[in-house]
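Colleague: Enclosed is the structure file structure_1.cif (mmCIF, C-alpha atoms).
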data_coords
loop_
_atom_site.label_atom_id
_atom_site.label_comp_id
_atom_site.auth_asym_id
_atom_site.auth_seq_id
_atom_site.Cartn_x
_atom_site.Cartn_y
_atom_site.Cartn_z
CA MET A 1 0.00 0.00 0.00
CA LYS A 2 2.82 2.40 0.89
CA LYS A 3 4.51 1.61 -2.42
CA LEU A 4 1.30 2.43 -4.28
CA ILE A 5 0.97 5.78 -2.50
CA PHE A 6 4.58 6.59 -3.30
CA CYS A 7 4.02 5.83 -6.99
CA LEU A 8 0.84 7.86 -6.94
CA GLY A 9 2.75 10.72 -5.35
CA ILE A 10 4.98 10.86 -8.40
CA LEU A 11 1.99 10.64 -10.71
CA LEU A 12 0.14 13.35 -8.81
CA THR A 13 2.94 15.84 -9.20
CA SER A 14 3.44 15.07 -12.84
CA ALA A 15 -0.18 14.62 -13.93
CA VAL A 16 -1.94 17.74 -15.10
CA MET A 17 -5.36 18.13 -13.49
CA SER A 18 -7.83 19.35 -15.99
CA ALA A 19 -11.55 19.68 -16.42
CA GLU A 20 -11.51 16.92 -19.02
CA ALA A 21 -12.49 14.22 -16.51
CA GLN A 22 -13.66 11.52 -18.85
CA LEU A 23 -15.01 11.03 -22.32
CA PRO A 24 -17.18 14.12 -22.84
CA VAL A 25 -20.05 12.30 -24.50
CA THR A 26 -21.25 8.75 -25.03
CA TRP A 27 -23.86 7.84 -27.64
CA SER A 28 -26.41 5.05 -27.57
CA PHE A 29 -28.79 4.05 -30.36
CA SER A 30 -32.02 2.08 -30.13
CA ALA A 31 -35.47 1.68 -31.65
CA LYS A 32 -38.97 1.13 -30.27
CA LYS A 33 -41.78 -0.52 -32.20
CA LEU A 34 -44.97 1.53 -32.14
CA ASP A 35 -47.01 -0.76 -34.37
CA ALA A 36 -46.46 -3.37 -37.09
CA LYS A 37 -44.89 -0.89 -39.50
CA THR A 38 -43.91 2.09 -37.33
CA TYR A 39 -40.79 2.55 -35.25
CA GLU A 40 -39.19 5.34 -33.28
CA VAL A 41 -35.42 5.55 -33.53
CA TYR A 42 -33.54 7.06 -30.57
CA LEU A 43 -30.09 8.59 -30.71
CA THR A 44 -29.12 9.51 -27.14
CA ALA A 45 -26.13 11.60 -26.17
CA THR A 46 -25.08 11.47 -22.52
CA LEU A 47 -22.85 14.42 -21.65
CA ASN A 48 -20.36 14.06 -18.82
CA GLY A 49 -19.14 16.75 -16.48
CA ASP A 50 -19.66 20.25 -17.83
CA TRP A 51 -19.62 19.38 -21.52
CA HIS A 52 -22.50 20.33 -23.79
CA THR A 53 -23.49 19.62 -27.37
CA TYR A 54 -25.59 21.59 -29.81
CA SER A 55 -29.08 21.51 -31.20
CA GLN A 56 -29.69 20.73 -34.89
CA SER A 57 -31.15 24.21 -35.08
CA THR A 58 -28.40 26.23 -33.42
CA PRO A 59 -27.94 29.16 -35.81
CA ASP A 60 -25.20 29.62 -38.41
CA GLY A 61 -22.21 31.59 -37.31
CA GLY A 62 -21.78 29.82 -33.99
CA PRO A 63 -20.99 26.27 -32.94
CA VAL A 64 -21.46 23.49 -35.47
CA PRO A 65 -25.02 22.10 -35.14
CA THR A 66 -25.61 18.40 -34.54
CA ALA A 67 -26.43 16.83 -37.88
CA ILE A 68 -28.07 13.46 -38.29
CA SER A 69 -28.17 11.71 -41.62
CA PHE A 70 -29.67 8.38 -42.55
CA SER A 71 -28.73 6.27 -45.54
CA LYS A 72 -31.44 5.80 -48.12
CA ASN A 73 -33.32 2.54 -47.70
CA PRO A 74 -36.07 1.67 -50.21
CA LEU A 75 -37.97 -0.18 -47.50
CA LEU A 76 -38.19 2.81 -45.16
CA ASP A 77 -39.96 6.14 -45.11
CA PHE A 78 -39.02 8.89 -42.69
CA ASP A 79 -42.04 10.37 -40.95
CA GLY A 80 -41.34 14.00 -40.16
CA LYS A 81 -38.13 15.64 -38.98
CA THR A 82 -35.79 14.40 -36.29
CA LYS A 83 -37.09 15.77 -32.98
CA GLU A 84 -35.00 16.70 -29.97
CA VAL A 85 -35.97 15.58 -26.48
CA GLY A 86 -34.09 17.21 -23.66
CA LYS A 87 -33.68 20.42 -21.69
CA MET A 88 -32.49 22.86 -24.33
CA GLU A 89 -30.52 25.82 -23.05
CA GLU A 90 -30.57 28.93 -25.15
CA HIS A 91 -28.43 32.02 -24.67
CA PHE A 92 -27.22 34.89 -26.78
CA GLU A 93 -23.49 34.63 -27.35
CA PRO A 94 -22.02 38.04 -28.21
CA LEU A 95 -18.85 36.39 -29.60
CA PHE A 96 -20.92 34.87 -32.38
CA GLY A 97 -23.79 37.30 -32.44
CA VAL A 98 -26.33 34.45 -32.38
CA ASN A 99 -28.60 32.62 -29.95
CA VAL A 100 -26.72 29.43 -29.21
CA LYS A 101 -28.91 26.37 -28.54
CA GLN A 102 -27.32 23.58 -26.58
CA PHE A 103 -27.92 20.54 -24.36
CA SER A 104 -26.11 19.54 -21.17
CA SER A 105 -26.33 16.16 -19.42
CA LYS A 106 -28.61 14.43 -21.91
CA VAL A 107 -30.43 14.78 -25.20
CA THR A 108 -32.29 12.25 -27.33
CA PHE A 109 -32.84 12.75 -31.03
CA VAL A 110 -36.01 10.95 -32.12
CA GLN A 111 -36.90 9.95 -35.67
CA LYS A 112 -40.13 8.22 -36.64
CA VAL A 113 -39.69 5.61 -39.32
CA LYS A 114 -42.33 3.76 -41.34
CA LEU A 115 -41.65 0.37 -42.90
CA LYS A 116 -43.12 -0.02 -46.37
CA ALA A 117 -43.53 -3.72 -45.78
CA ALA A 118 -43.36 -5.84 -42.65
CA VAL A 119 -39.87 -7.19 -43.40
CA LYS A 120 -36.54 -7.24 -41.61
CA THR A 121 -34.31 -4.39 -42.60
CA THR A 122 -31.52 -2.22 -41.21
CA LEU A 123 -31.27 1.54 -40.86
CA ASN A 124 -27.77 2.95 -41.26
CA GLY A 125 -26.75 6.48 -40.53
CA SER A 126 -24.43 8.82 -38.72
CA VAL A 127 -24.48 11.74 -36.34
CA THR A 128 -21.95 14.57 -36.65
CA PHE A 129 -21.57 16.67 -33.53
CA MET A 130 -19.17 18.72 -31.44
CA VAL A 131 -18.81 19.33 -27.70
CA CYS A 132 -17.53 22.28 -25.69
CA ASN A 133 -17.21 23.32 -22.10
CA ASP A 134 -16.13 26.73 -20.86
CA GLU A 135 -12.43 26.12 -21.36
CA GLU A 136 -12.19 24.11 -24.53
CA CYS A 137 -13.93 22.57 -27.52
CA MET A 138 -13.42 19.30 -29.29
CA PRO A 139 -13.67 19.48 -33.05
CA PRO A 140 -16.73 17.97 -34.76
CA THR A 141 -16.65 14.23 -35.10
CA LYS A 142 -18.93 11.53 -36.47
CA GLU A 143 -20.54 8.45 -34.93
CA THR A 144 -22.08 5.84 -37.18
CA LEU A 145 -25.15 3.85 -36.26
CA SER A 146 -26.88 0.74 -37.50
CA ILE A 147 -30.29 -0.31 -36.22
CA SER A 148 -32.16 -3.46 -37.18
CA PHE A 149 -35.92 -3.66 -37.43
CA GLN A 150 -37.33 -7.13 -36.92
CA MET B 1 -12.18 -7.71 -17.67
CA GLN B 2 -15.89 -6.80 -17.51
CA GLU B 3 -15.59 -7.07 -13.72
CA GLU B 4 -12.62 -4.70 -13.65
CA TYR B 5 -14.46 -2.14 -15.76
CA GLN B 6 -17.55 -2.42 -13.60
CA SER B 7 -15.61 -1.94 -10.39
CA LEU B 8 -14.00 1.18 -11.89
CA THR B 9 -17.42 2.47 -12.92
CA ARG B 10 -18.78 1.83 -9.42
CA LEU B 11 -15.92 3.85 -7.87
CA LYS B 12 -16.56 6.72 -10.27
CA ASN B 13 -20.30 6.64 -9.61
CA LYS B 14 -19.49 7.02 -5.92
CA VAL B 15 -17.50 10.14 -6.73
CA GLU B 16 -20.42 11.52 -8.73
CA GLU B 17 -22.79 10.82 -5.83
CA LYS B 18 -20.50 12.73 -3.52
CA TYR B 19 -20.66 15.80 -5.73
CA LYS B 20 -24.25 15.31 -6.91
CA LYS B 21 -25.67 18.52 -5.40
CA GLN B 22 -22.95 20.66 -6.92
CA LEU B 23 -23.14 18.91 -10.29
CA ASP B 24 -26.89 19.42 -10.41
CA SER B 25 -26.59 23.10 -9.52
CA LEU B 26 -23.98 23.43 -12.26
CA ARG B 27 -26.39 22.02 -14.78
CA ILE B 28 -29.24 24.36 -13.90
CA GLU B 29 -27.22 27.55 -13.35
CA LYS B 30 -27.81 29.78 -16.35
CA ASP B 31 -25.83 32.80 -15.25
CA ASN B 32 -22.38 32.51 -16.83
CA GLU B 33 -20.48 34.01 -13.90
CA LYS B 34 -22.22 31.89 -11.26
CA ASN B 35 -21.74 28.87 -13.51
CA ALA B 36 -18.00 29.54 -13.72
CA ALA B 37 -17.81 29.90 -9.93
CA ILE B 38 -19.51 26.52 -9.39
CA LYS B 39 -17.14 24.95 -11.87
CA LYS B 40 -14.14 26.31 -9.97
CA ARG B 41 -15.49 24.73 -6.77
CA LEU B 42 -15.97 21.47 -8.69
CA ALA B 43 -12.28 21.24 -9.60
CA PRO B 44 -11.82 18.53 -6.91
CA TYR B 45 -14.59 16.49 -8.60
CA PHE B 46 -12.84 16.52 -11.95
CA ALA B 47 -9.55 15.74 -10.28
CA GLU B 48 -11.09 12.82 -8.39
CA MET B 49 -12.66 11.37 -11.52
CA ASP B 50 -9.33 11.54 -13.35
CA MET B 51 -7.58 10.11 -10.32
CA GLN B 52 -9.89 7.05 -10.28
CA ASP B 53 -8.65 6.24 -13.75
CA TYR B 54 -5.01 6.89 -12.90
CA VAL B 55 -5.24 4.66 -9.81
CA PHE B 56 -6.81 1.96 -11.95
CA PHE B 57 -4.00 2.24 -14.53
CA ASP B 58 -1.47 1.99 -11.74
CA LYS B 59 -3.13 -1.04 -10.13
CA HIS B 60 -3.88 -2.84 -13.39
CA PRO B 61 -1.04 -1.90 -15.76
CA LYS B 62 -1.63 -4.85 -18.08
CA SER B 63 -5.40 -4.74 -18.10
CA TYR B 64 -7.24 -4.40 -21.39
CA VAL B 65 -9.40 -1.81 -19.64
CA THR B 66 -6.28 0.30 -19.03
CA ALA B 67 -5.39 0.16 -22.73
CA TYR B 68 -8.99 1.08 -23.54
CA MET B 69 -9.24 4.00 -21.07
CA LEU B 70 -5.77 5.42 -21.59
CA ARG B 71 -6.92 6.86 -24.93
CA PHE B 72 -9.26 9.25 -23.16
CA HIS B 73 -6.43 10.76 -21.17
CA VAL B 74 -4.03 11.65 -23.97
CA GLY B 75 -5.33 15.19 -23.59
CA ASP B 76 -4.83 15.50 -19.82
CA LEU B 77 -1.89 13.32 -18.79
CA THR B 78 1.66 14.58 -19.25
CA LEU B 79 3.94 12.91 -21.77
CA ASP B 80 5.96 11.38 -18.90
CA SER B 81 2.90 9.74 -17.37
CA LEU B 82 1.66 8.53 -20.76
CA ASP B 83 5.08 7.03 -21.57
CA LEU B 84 5.09 5.32 -18.18
CA PHE B 85 1.61 3.79 -18.53
CA TYR B 86 2.28 2.78 -22.11
CA SER B 87 5.56 1.05 -21.23
CA ARG B 88 3.80 -0.89 -18.47
CA LEU B 89 1.13 -2.23 -20.85
CA GLY B 90 3.54 -4.94 -21.95
CA ALA B 91 4.32 -6.15 -25.46
CA ALA B 92 1.08 -8.05 -26.05
CA LEU B 93 -1.22 -5.09 -25.24
CA GLN B 94 1.04 -2.67 -27.08
CA GLN B 95 0.40 -4.71 -30.22
CA SER B 96 -3.37 -4.57 -29.72
CA PHE B 97 -5.60 -2.11 -31.55
CA TYR B 98 -5.79 0.26 -28.56
CA GLY B 99 -2.10 -0.14 -27.82
CA LYS B 100 -1.15 0.92 -31.33
CA TYR B 101 -3.64 3.76 -31.24
CA ILE B 102 -2.17 5.09 -27.99
CA ASP B 103 1.34 4.75 -29.38
CA GLU B 104 0.40 6.90 -32.36
CA GLU B 105 -1.35 9.46 -30.18
CA ILE B 106 1.67 9.71 -27.85
CA ALA B 107 3.98 10.16 -30.84
CA ARG B 108 1.81 12.99 -32.16
CA LEU B 109 1.61 14.63 -28.76
CA ARG B 110 5.38 14.38 -28.40
CA GLY B 111 5.75 15.99 -31.81
CA GLY B 112 3.75 18.96 -30.53
CA SER B 113 5.34 19.29 -27.12
CA PRO B 114 8.33 21.20 -25.72
CA GLY B 115 11.62 19.53 -26.61
CA SER B 116 10.61 18.52 -30.12
CA LYS B 117 11.49 20.22 -33.36
CA ALA B 118 8.31 21.69 -34.84
CA LYS B 119 7.30 19.83 -37.99
CA ASN B 120 7.14 22.06 -41.02
CA PHE B 121 3.80 22.66 -42.68
CA GLU B 122 2.67 24.43 -45.82
CA ALA B 123 -0.70 25.89 -46.64
CA ILE B 124 -2.39 28.68 -48.56
CA ASP B 125 -3.10 31.54 -46.20
CA ILE B 126 -6.28 33.60 -45.91
CA ILE B 127 -5.21 36.11 -48.56
CA GLY B 128 -4.21 33.38 -51.01
CA ASN B 129 -0.45 33.29 -50.51
CA LYS B 130 1.68 30.21 -49.86
CA LEU B 131 2.78 30.02 -46.25
CA SER B 132 5.16 27.62 -44.59
CA LEU B 133 6.38 27.51 -41.01
CA ALA B 134 9.97 27.44 -42.26
CA ASP B 135 9.48 30.98 -43.64
CA PHE B 136 9.59 32.25 -40.07
CA LYS B 137 12.91 30.79 -38.89
CA GLY B 138 14.75 33.43 -36.94
CA LYS B 139 11.56 34.58 -35.20
CA TYR B 140 9.55 33.25 -32.30
CA VAL B 141 6.30 31.83 -33.64
CA LEU B 142 3.11 31.21 -31.72
CA ILE B 143 0.85 28.79 -33.57
CA ASP B 144 -2.73 29.19 -32.38
CA PHE B 145 -5.09 26.28 -33.04
CA TRP B 146 -8.61 27.70 -32.91
CA ALA B 147 -11.91 27.78 -34.85
CA SER B 148 -14.71 30.22 -35.59
CA TRP B 149 -17.14 28.00 -33.69
CA CYS B 150 -15.01 27.65 -30.58
CA SER B 151 -16.14 30.21 -28.01
CA PRO B 152 -13.26 29.70 -25.52
CA CYS B 153 -10.96 30.41 -28.50
CA ARG B 154 -12.80 33.58 -29.51
CA LYS B 155 -12.81 34.74 -25.87
CA GLY B 156 -9.03 34.53 -25.86
CA ASN B 157 -8.54 36.60 -29.01
CA PRO B 158 -8.51 40.06 -27.37
CA HIS B 159 -5.65 39.00 -25.13
CA LEU B 160 -3.77 37.45 -28.05
CA LYS B 161 -4.08 40.76 -29.87
CA GLU B 162 -2.49 42.49 -26.89
CA LEU B 163 0.42 40.04 -26.92
CA TYR B 164 0.86 40.51 -30.67
CA ALA B 165 0.88 44.28 -30.34
CA THR B 166 3.49 44.05 -27.57
CA TYR B 167 5.86 41.54 -29.11
CA LYS B 168 5.53 41.58 -32.89
CA ASP B 169 8.18 44.26 -33.35
CA LYS B 170 10.44 42.43 -30.94
CA GLY B 171 10.50 39.31 -33.14
CA MET B 172 7.31 37.28 -32.69
CA GLU B 173 4.78 36.15 -35.28
CA ILE B 174 1.44 34.45 -34.73
CA ILE B 175 -0.02 31.91 -37.15
CA GLY B 176 -3.69 31.13 -36.59
CA ILE B 177 -4.60 27.58 -37.66
CA SER B 178 -8.34 27.27 -37.87
CA ASP B 179 -10.47 24.11 -37.82
CA ASP B 180 -12.87 25.70 -40.34
CA ASP B 181 -12.11 23.61 -43.44
CA ARG B 182 -15.82 22.81 -43.65
CA ASN B 183 -16.84 26.48 -43.74
CA HIS B 184 -14.40 29.00 -45.20
CA ASP B 185 -16.93 31.82 -44.91
CA ALA B 186 -17.29 31.33 -41.17
CA TRP B 187 -13.49 31.40 -40.90
CA LYS B 188 -13.10 34.65 -42.80
CA LYS B 189 -16.00 36.26 -40.94
CA ALA B 190 -14.49 35.37 -37.58
CA VAL B 191 -11.04 36.72 -38.50
CA GLU B 192 -12.67 39.95 -39.63
CA LYS B 193 -15.07 40.26 -36.70
CA ASP B 194 -12.35 39.70 -34.12
CA GLY B 195 -9.87 41.83 -36.05
CA LEU B 196 -6.95 39.38 -36.01
CA PRO B 197 -3.95 40.99 -37.73
CA TRP B 198 -1.62 37.96 -37.94
CA LYS B 199 -1.19 35.08 -40.42
CA HIS B 200 -4.07 32.67 -40.99
CA VAL B 201 -4.31 29.20 -42.50
CA LEU B 202 -6.75 26.31 -42.27
CA ARG B 203 -6.02 23.05 -40.53
CA GLY B 204 -6.29 20.93 -43.70
CA LEU B 205 -8.82 18.46 -42.29
CA ASP B 206 -10.03 15.71 -44.62
CA ILE B 207 -13.05 14.20 -42.89
CA GLN B 208 -13.09 11.04 -45.04
CA LYS B 209 -9.49 10.25 -44.17
CA LYS B 210 -10.14 11.02 -40.52
CA LEU B 211 -13.07 8.64 -40.29
CA SER B 212 -11.25 5.80 -42.02
CA ASN B 213 -8.23 6.43 -39.77
CA GLU B 214 -5.97 7.24 -42.72
CA PRO B 215 -3.03 9.51 -41.93
CA ASN B 216 -3.23 12.90 -43.62
CA ASP B 217 -0.04 14.75 -44.40
CA ARG B 218 -1.89 18.03 -44.91
CA ASP B 219 -3.63 17.95 -41.52
CA ILE B 220 -1.63 20.39 -39.38
CA SER B 221 -3.46 19.41 -36.17
CA GLU B 222 -2.25 15.83 -36.63
CA LYS B 223 1.38 16.97 -36.83
CA PHE B 224 1.11 18.56 -33.40
CA GLY B 225 -1.21 16.13 -31.57
CA ILE B 226 -4.07 18.59 -31.15
CA HIS B 227 -7.16 17.24 -29.35
CA THR B 228 -8.89 20.28 -28.03
CA LEU B 229 -9.15 23.93 -28.90
CA PRO B 230 -7.67 26.33 -28.09
CA THR B 231 -4.12 24.98 -28.08
CA LYS B 232 -1.20 27.37 -28.50
CA ILE B 233 2.32 26.21 -29.26
CA LEU B 234 5.36 28.45 -28.91
CA ILE B 235 8.33 27.82 -31.21
CA ASP B 236 11.77 29.41 -30.87
CA PRO B 237 13.82 31.01 -33.70
CA PHE B 238 15.56 27.68 -34.34
CA GLY B 239 12.30 25.78 -34.83
CA MET B 240 12.22 24.09 -31.40
CA ILE B 241 8.95 23.89 -29.47
CA ILE B 242 9.41 25.62 -26.11
CA GLY B 243 5.84 25.83 -24.83
CA ARG B 244 2.36 24.36 -25.20
CA TYR B 245 -0.74 25.98 -23.69
CA GLY B 246 -4.49 25.59 -23.50
CA GLU B 247 -6.96 28.31 -22.70
CA GLU B 248 -5.03 29.60 -19.68
CA GLU B 249 -3.22 32.88 -20.28
CA GLU B 250 -0.79 33.33 -17.42
CA ALA B 251 1.82 30.71 -18.35
CA LEU B 252 2.24 32.04 -21.88
CA ASP B 253 2.35 35.64 -20.64
CA ILE B 254 5.14 34.79 -18.21
CA LYS B 255 7.08 32.88 -20.86
CA LEU B 256 6.95 35.75 -23.33
CA LYS B 257 8.03 38.22 -20.65
CA GLU B 258 11.01 36.00 -19.85
CA ILE B 259 12.00 35.88 -23.51
CA PHE B 260 11.53 39.46 -24.58
CA ILE B 261 11.79 41.63 -21.52
CA LYS B 262 15.23 41.41 -20.10
#
Could you rewrite the structure in this file as structure tokens?

Modeller:
Amino acid sequence: MKKLIFCLGILLTSAVMSAEAQLPVTWSFSAKKLDAKTYEVYLTATLNGDWHTYSQSTPDGGPVPTAISFSKNPLLDFDGKTKEVGKMEEHFEPLFGVNVKQFSSKVTFVQKVKLKAAVKTTLNGSVTFMVCNDEECMPPTKETLSISFQ
Amino acid sequence: MQEEYQSLTRLKNKVEEKYKKQLDSLRIEKDNEKNAAIKKRLAPYFAEMDMQDYVFFDKHPKSYVTAYMLRFHVGDLTLDSLDLFYSRLGAALQQSFYGKYIDEEIARLRGGSPGSKAKNFEAIDIIGNKLSLADFKGKYVLIDFWASWCSPCRKGNPHLKELYATYKDKGMEIIGISDDDRNHDAWKKAVEKDGLPWKHVLRGLDIQKKLSNEPNDRDISEKFGIHTLPTKILIDPFGMIIGRYGEEEEALDIKLKEIFIK
């Protein structure tokens, strides 16, 4: 135990403490069947610490908005736009001159999907997003997703 | 291995529980100043969360979980610590996917840290002229990795302008490297709005290459191991990196004073 504390002592003095505690965001993807041919697809971002990510509708001229795109699939129809479920925070940012729209802790993007026939198929897509906290930003990156409908 | 990861997660959940009230108040506080004050008080929380990982790495040097988690700390551990943890992974893990990934990340970080010779880069600058880092040998150069969409970066611009005004005639140049390849208009607007009088180039990001993990010789951020913005790197007249900074201003201020004000 003493040896461990000694080693940690060295690490403590050499490690830089920063606000970047852990991975800023983790994504999870799932789908819920509403009826024989209708599904809801969920893309959930869980934000850690003081990181936040941005709404699809955050205005031009500020942070890069979250963008979700789905690959074309002849067996699927998209019913309406991708909705956002979460506590959206909006504030005017003088640096950008726009009203920035963002989410902290959690946000779920919901897309209704209609199957043209009751068959098994897969929905592929990706979400491009960026995260910031008060001290730093991570550049936009992309997560791919693949959801099977039974 | 699942067990190890779960026990680490349990320890970190305990830390979150301990700070739950403060974390919740951080999430609901809309006032920027109050928010910043809460964050300052939460510094021990962030430190504890990091420490849980570091303790785990120390206790389980050859665990697959360590190789997996080490990636997330390339931005906050020092090069010394990273080298230490990497060396303790052992040959088998070092050859794994995560091991190789960490090795590459450490190499890039080393390439952008004090003690290394700054890699040369070439790009077309904002007014259409060819620019290369080598053009500036004989001067101190501050390369500023930023982006139009990065508010901590934009917040730091007024102070950078002050530094430029103070030191440019004494032998310092600034090269802004912006992560705005996807939107040149936003880049130009930001440079104009903030009134940044120094040299400007784009990062050279190729998103297709990035996603398929292909190396990209034109990507300036890759040459210097940049993970977050802002990152500022100070290079001496001989091309050696002598400083690397994040959003904090004091360390760079002190360094420049030491160099120029004798």

Colleague: At a cut-off of 7 Å, list the chain B residues touching chain A, using all atoms listed in the file, as a tab-separated table (two decimals) with C-alpha atoms, in the frame of the given file.

Modeller:
chain	number	residue	atom	x	y	z
B	27	ARG	CA	-26.39	22.02	-14.78
B	46	PHE	CA	-12.84	16.52	-11.95
B	47	ALA	CA	-9.55	15.74	-10.28
B	49	MET	CA	-12.66	11.37	-11.52
B	50	ASP	CA	-9.33	11.54	-13.35
B	72	PHE	CA	-9.26	9.25	-23.16
B	76	ASP	CA	-4.83	15.50	-19.82
B	77	LEU	CA	-1.89	13.32	-18.79
B	78	THR	CA	1.66	14.58	-19.25
B	81	SER	CA	2.90	9.74	-17.37
B	149	TRP	CA	-17.14	28.00	-33.69
B	150	CYS	CA	-15.01	27.65	-30.58
B	151	SER	CA	-16.14	30.21	-28.01
B	152	PRO	CA	-13.26	29.70	-25.52
B	154	ARG	CA	-12.80	33.58	-29.51
B	186	ALA	CA	-17.29	31.33	-41.17
B	227	HIS	CA	-7.16	17.24	-29.35
B	228	THR	CA	-8.89	20.28	-28.03
B	229	LEU	CA	-9.15	23.93	-28.90
B	230	PRO	CA	-7.67	26.33	-28.09
B	247	GLU	CA	-6.96	28.31	-22.70

Colleague: Please evaluate the PyMOL selection byres ((chain B and resi 67-70) around 8) against the displayed coordinates and give the resulting residues as an MDAnalysis selection string.

Modeller: chainID B and resid 53 57 62:66 71:74 89 93 98:99 102

Colleague: Within 8 Å of Pro59 in chain A, counting only C-alpha atoms, which residues qualify if same-chain residues fewer than 5 places away don't, as a VMD selection string?

Modeller: chain A and resid 65 98 to 101

Colleague: In terms of the shortest atom-to-atom distance over all atoms listed in the file, which of B:Pro215, B:Gly195, B:Pro61, B:Gly90 is closest to Asn157 in chain B?

Modeller: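 Ranked by minimum distance to Asn157 in chain B, first place goes to B:Gly195.
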
Colleague: Just checking: using all atoms listed in the file, which residue out of A:Lys83, A:Gln111, A:Gly97, A:Ser69 ends up closest to Ser126 in chain A?

Modeller: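 Counting all atoms listed in the file, the residue closest to Ser126 in chain A is A:Ser69.
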
Colleague: Excluding range 200-210 of chain B and its own-chain neighbours fewer than 3 positions away, which residues fall within 10 Å of it when counting only C-alpha atoms? Please give them as a ChimeraX atom specification.

Modeller: /A:140-142 /B:122-132,143-147,174-182,184,187-188,191,196-197,213-222

Colleague: Report as number ranges by chain all protein, DNA and RNA residues lying within 12 Å of Arg10 in chain B, evaluated on only C-alpha atoms, omitting residues in the same chain fewer than 6 positions from it.

Modeller: B: 3-4, 16-17, 49, 52-53

Colleague: Which residues are near Gly115 in chain B? Cut-off 7 Å, only C-alpha atoms, ignore same chain within fewer than 6 positions. Put them as a list in words.

Modeller: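 In the requested format, the answer is Met240, Ile241 and Ile242 of chain B.
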
Colleague: Could you tell me how far CA of Glu250 in chain B sits from CA of Gly156 in chain B, in Å to one decimal place?

Modeller: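 According to the coordinates, CA of Gly156 in chain B and CA of Glu250 in chain B are separated by 11.9 Å.
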
Colleague: Rounded to one decimal place, report the CA of Asn13 in chain B-CA of Leu26 in chain B distance in Å.

Modeller: 17.4 Å

Colleague: Which residues, named as in the file, does the PyMOL selection byres ((chain B and resi 106) around 10) pick out? Answer as a list in words.

Modeller: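 Checking the PyMOL selection byres ((chain B and resi 106) around 10) against this file, the residues are Arg71, Val74, Gly75, Thr78, Leu79, Leu82, Asp83, Tyr86, Lys100, Tyr101, Ile102, Asp103, Glu104, Glu105, Ala107, Arg108, Leu109, Arg110, Gly111, Gly112 and Gly225 of chain B.
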
Colleague: Separation of CA of Val85 in chain A and CA of Ser57 in chain A, in Å?

Modeller: 13.1 Å

Colleague: Of the candidates B:Ile226, B:Ile28, B:Leu160, B:Ile235, which one gets nearest to Glu248 in chain B if we count all atoms listed in the file?

Modeller: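 Looking only at the distances to Glu248 in chain B, the closest residue turns out to be B:Leu160.
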
Colleague: Could you pull out every residue with an atom within 8 Å of (-38.0, 13.3, -39.3), file coordinates, counting all atoms listed in the file, and send them as number ranges by chain?

Modeller: A: 78-83, 110-113
